[in-house]
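Trainee: Here you go, one structure.
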Amino acid sequence: MELLDILKVIAAVLALAIAIIGHEIMHGWVAHMYGDDTAKNAGRLTINPLVHIDLLGTIIVPATLYFIPLLLGTSGGILFGWAKPVPIDMAKVMRRGGYNAAMQVDLAGIVYNFTLGAFAAIGLTVMSAPTTADSMFYVFTYILVYQLLIINVVLGVFNLLPIPQFDGGHFLMHLALKYKINSIAGFYYKYDRYGMFIVLIILMTPLNEYLLFMPVQFIIHLLLS
């Protein structure tokens, strides 16, 4: 493996860590604003990556999606994953802020990802593409900013999908509860445990083209235009 390939892998892993750890911290931080200290007391409002690692989402899924295509001789896959969810006592949040507060907690990670992606896009527009005359530090920085754009937009789009157990599903459930649409809320309560299976189906089938890649490409083009 050449030095440039090593830099790409390091940058991708670092960008993924920044994206998914910050995503989870934002959930806990917004909940903390509404009086829920669960995440804080559990030591999860920290940038220490070790306390956020999820075996499946932080290691197995990213490694599979990124390195398997390389082993098959293609240019490499996407780097996608998730961290261990921060513990939140939503009852405490809603006692102070109601369903609106719950929905803010649900969307906090998504807002973080899209905001970080937007800043990365701004960074790419002011940076020039690296050449052989540039230092390795500049090359690495450019690759890192590029990966921050791609990974954060991917995570933002994916978490917007109305999948049980994930942010988009939680948001729709609380929105339904707010307006007393019990059938929708009941659906998400009932099928919450199956969210991970839905995620794997999307990632491993052509559904990812329509639900993930096309929206991601559109948003990235919009941010860079």
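Residue numbering restarts at 1 in every chain; chains get A, B, ... in the order shown in the structure tokens, and ligands count up from 1 in that same order.
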Using backbone DSSP assignments, extract all alpha helix (DSSP H) residues from range 8-224 of chain A; output them as a PyMOL selection string.
Mentor: chain A and resi 8-33+38-41+61-71+90-126+136-160+167-178+182-191+195-204+207-208+214-224
Trainee: Within 12 Å of Leu175 in chain A, counting only C-alpha atoms, which residues qualify if same-chain residues fewer than 4 places away don't, as a list in words?
Mentor: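 After dropping sequence-adjacent residues, the list is Gly98, Tyr99, Asn100, Ala101, Ala102, Met103, Gln104, Asp106, Leu107, Pro162, Gly168, Gly169, His170, Phe171, Tyr179, Lys180, Ile181, Asn182, Ser183, Ile184, Ala185 and Tyr188 of chain A.
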Trainee: Include N, CA, C and O atoms and write out the residues we just selected as a compact mmCIF listing (two decimals), in the first residue's frame.
Mentor:
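out.txt was written with the following content:
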# COMPACT_ATOMS: atom_id res chain seq x y z
N GLY A 98 -41.60 19.11 26.37
CA GLY A 98 -42.66 18.49 25.58
C GLY A 98 -42.12 17.77 24.36
O GLY A 98 -40.93 17.48 24.25
N TYR A 99 -43.02 17.49 23.44
CA TYR A 99 -42.63 16.75 22.23
C TYR A 99 -41.70 17.56 21.34
O TYR A 99 -40.87 16.98 20.62
N ASN A 100 -41.80 18.87 21.36
CA ASN A 100 -40.87 19.69 20.57
C ASN A 100 -39.43 19.47 21.02
O ASN A 100 -38.52 19.40 20.19
N ALA A 101 -39.22 19.38 22.33
CA ALA A 101 -37.88 19.12 22.85
C ALA A 101 -37.40 17.73 22.42
O ALA A 101 -36.23 17.55 22.06
N ALA A 102 -38.30 16.75 22.48
CA ALA A 102 -37.93 15.39 22.06
C ALA A 102 -37.50 15.37 20.59
O ALA A 102 -36.52 14.73 20.23
N MET A 103 -38.21 16.12 19.76
CA MET A 103 -37.86 16.16 18.33
C MET A 103 -36.54 16.89 18.11
O MET A 103 -35.79 16.56 17.18
N GLN A 104 -36.25 17.89 18.94
CA GLN A 104 -34.95 18.55 18.84
C GLN A 104 -33.82 17.59 19.18
O GLN A 104 -32.76 17.60 18.53
N ASP A 106 -33.98 14.37 18.77
CA ASP A 106 -33.93 13.43 17.65
C ASP A 106 -33.11 13.97 16.49
O ASP A 106 -32.36 13.24 15.84
N LEU A 107 -33.26 15.27 16.21
CA LEU A 107 -32.63 15.86 15.02
C LEU A 107 -31.24 16.44 15.30
O LEU A 107 -30.57 16.86 14.36
N PRO A 162 -36.96 7.47 7.57
CA PRO A 162 -37.88 7.12 8.66
C PRO A 162 -37.79 5.65 9.07
O PRO A 162 -38.76 4.91 9.00
N GLY A 168 -34.58 9.45 12.18
CA GLY A 168 -35.75 9.82 11.41
C GLY A 168 -37.00 9.14 11.92
O GLY A 168 -38.08 9.76 11.97
N GLY A 169 -36.89 7.88 12.32
CA GLY A 169 -38.01 7.16 12.90
C GLY A 169 -38.44 7.73 14.23
O GLY A 169 -39.64 7.87 14.51
N HIS A 170 -37.47 8.05 15.09
CA HIS A 170 -37.78 8.66 16.38
C HIS A 170 -38.49 10.00 16.20
O HIS A 170 -39.44 10.32 16.93
N PHE A 171 -38.01 10.80 15.24
CA PHE A 171 -38.63 12.09 14.99
C PHE A 171 -40.09 11.92 14.56
O PHE A 171 -40.99 12.61 15.08
N TYR A 179 -49.29 15.08 17.64
CA TYR A 179 -50.56 15.34 16.98
C TYR A 179 -51.54 14.17 17.14
O TYR A 179 -52.52 14.08 16.41
N LYS A 180 -51.21 13.28 18.09
CA LYS A 180 -52.10 12.19 18.47
C LYS A 180 -52.45 11.26 17.31
O LYS A 180 -53.58 10.78 17.19
N ILE A 181 -51.48 11.02 16.43
CA ILE A 181 -51.66 10.06 15.35
C ILE A 181 -51.12 8.73 15.87
O ILE A 181 -49.98 8.32 15.60
N ASN A 182 -51.92 8.06 16.66
CA ASN A 182 -51.46 6.90 17.41
C ASN A 182 -51.06 5.71 16.54
O ASN A 182 -50.25 4.89 16.94
N SER A 183 -51.63 5.61 15.35
CA SER A 183 -51.31 4.49 14.48
C SER A 183 -49.85 4.53 14.04
O SER A 183 -49.16 3.51 14.02
N ILE A 184 -49.36 5.73 13.71
CA ILE A 184 -47.96 5.88 13.30
C ILE A 184 -47.03 5.67 14.49
O ILE A 184 -46.02 4.96 14.39
N ALA A 185 -47.38 6.29 15.61
CA ALA A 185 -46.55 6.12 16.81
C ALA A 185 -46.50 4.65 17.22
O ALA A 185 -45.43 4.13 17.57
N TYR A 188 -44.03 2.58 15.11
CA TYR A 188 -42.62 2.70 15.47
C TYR A 188 -42.30 2.03 16.79
O TYR A 188 -41.21 1.48 16.97
Trainee: Considering only C-alpha atoms, state which residue in the set A:Ile10, A:Leu223, A:Met136, A:Met196 is at the smallest distance from Gln165 in chain A.
Mentor: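 Once distances to Gln165 in chain A are computed over only C-alpha atoms, the minimum belongs to A:Met196.
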Trainee: Between A:Met90, A:Val61, A:Ala15, A:Ala42, which is the closest to Val199 in chain A once you count only C-alpha atoms?
Mentor: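 Nearest candidate to Val199 in chain A out of A:Met90, A:Val61, A:Ala15, A:Ala42: A:Val61.
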Trainee: Leaving out Ala108 in chain A and any residue of its chain fewer than 3 positions from it, which residues lie within 8 Å of it when counting only C-alpha atoms, given as a PDB file with N, CA, C and O atoms, in the first residue's frame?
Mentor:
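Done, and the output landed in result_20.pdb:
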ATOM      1  N   HIS A  23     -22.058  13.240  16.387  1.00  0.00           N
ATOM      2  CA  HIS A  23     -23.492  12.998  16.209  1.00  0.00           C
ATOM      3  C   HIS A  23     -24.129  12.553  17.526  1.00  0.00           C
ATOM      4  O   HIS A  23     -25.149  13.090  17.945  1.00  0.00           O
ATOM      5  N   MET A  26     -24.101  15.239  20.356  1.00  0.00           N
ATOM      6  CA  MET A  26     -25.118  16.280  20.171  1.00  0.00           C
ATOM      7  C   MET A  26     -26.473  15.836  20.703  1.00  0.00           C
ATOM      8  O   MET A  26     -27.215  16.640  21.279  1.00  0.00           O
ATOM      9  N   HIS A  27     -26.817  14.565  20.526  1.00  0.00           N
ATOM     10  CA  HIS A  27     -28.063  14.056  21.108  1.00  0.00           C
ATOM     11  C   HIS A  27     -28.060  14.272  22.625  1.00  0.00           C
ATOM     12  O   HIS A  27     -29.016  14.788  23.212  1.00  0.00           O
ATOM     13  N   VAL A  30     -28.126  18.152  23.703  1.00  0.00           N
ATOM     14  CA  VAL A  30     -29.440  18.793  23.618  1.00  0.00           C
ATOM     15  C   VAL A  30     -30.356  18.258  24.712  1.00  0.00           C
ATOM     16  O   VAL A  30     -31.113  19.022  25.337  1.00  0.00           O
ATOM     17  N   GLN A 104     -36.253  17.890  18.944  1.00  0.00           N
ATOM     18  CA  GLN A 104     -34.950  18.551  18.839  1.00  0.00           C
ATOM     19  C   GLN A 104     -33.818  17.594  19.178  1.00  0.00           C
ATOM     20  O   GLN A 104     -32.762  17.603  18.534  1.00  0.00           O
ATOM     21  N   VAL A 105     -34.028  16.762  20.201  1.00  0.00           N
ATOM     22  CA  VAL A 105     -33.028  15.743  20.538  1.00  0.00           C
ATOM     23  C   VAL A 105     -32.862  14.775  19.373  1.00  0.00           C
ATOM     24  O   VAL A 105     -31.742  14.402  19.014  1.00  0.00           O
ATOM     25  N   VAL A 111     -28.499  17.540  12.402  1.00  0.00           N
ATOM     26  CA  VAL A 111     -28.098  18.944  12.219  1.00  0.00           C
ATOM     27  C   VAL A 111     -26.584  19.074  12.323  1.00  0.00           C
ATOM     28  O   VAL A 111     -25.948  19.794  11.536  1.00  0.00           O
ATOM     29  N   TYR A 112     -25.988  18.369  13.280  1.00  0.00           N
ATOM     30  CA  TYR A 112     -24.528  18.385  13.429  1.00  0.00           C
ATOM     31  C   TYR A 112     -23.854  17.899  12.150  1.00  0.00           C
ATOM     32  O   TYR A 112     -22.912  18.538  11.649  1.00  0.00           O
TER      33      TYR A 112
END
Trainee: Leaving out His221 in chain A and any residue of its chain fewer than 3 positions from it, which residues lie within 12 Å of it when counting only C-alpha atoms, given as a list of chain:residue names?
Mentor: A:Gly117, A:Ala118, A:Ala121, A:Thr125, A:Leu149, A:Ile150, A:Val153, A:Met214, A:Pro215, A:Val216, A:Gln217, A:Phe218, A:Leu224, A:Ser225
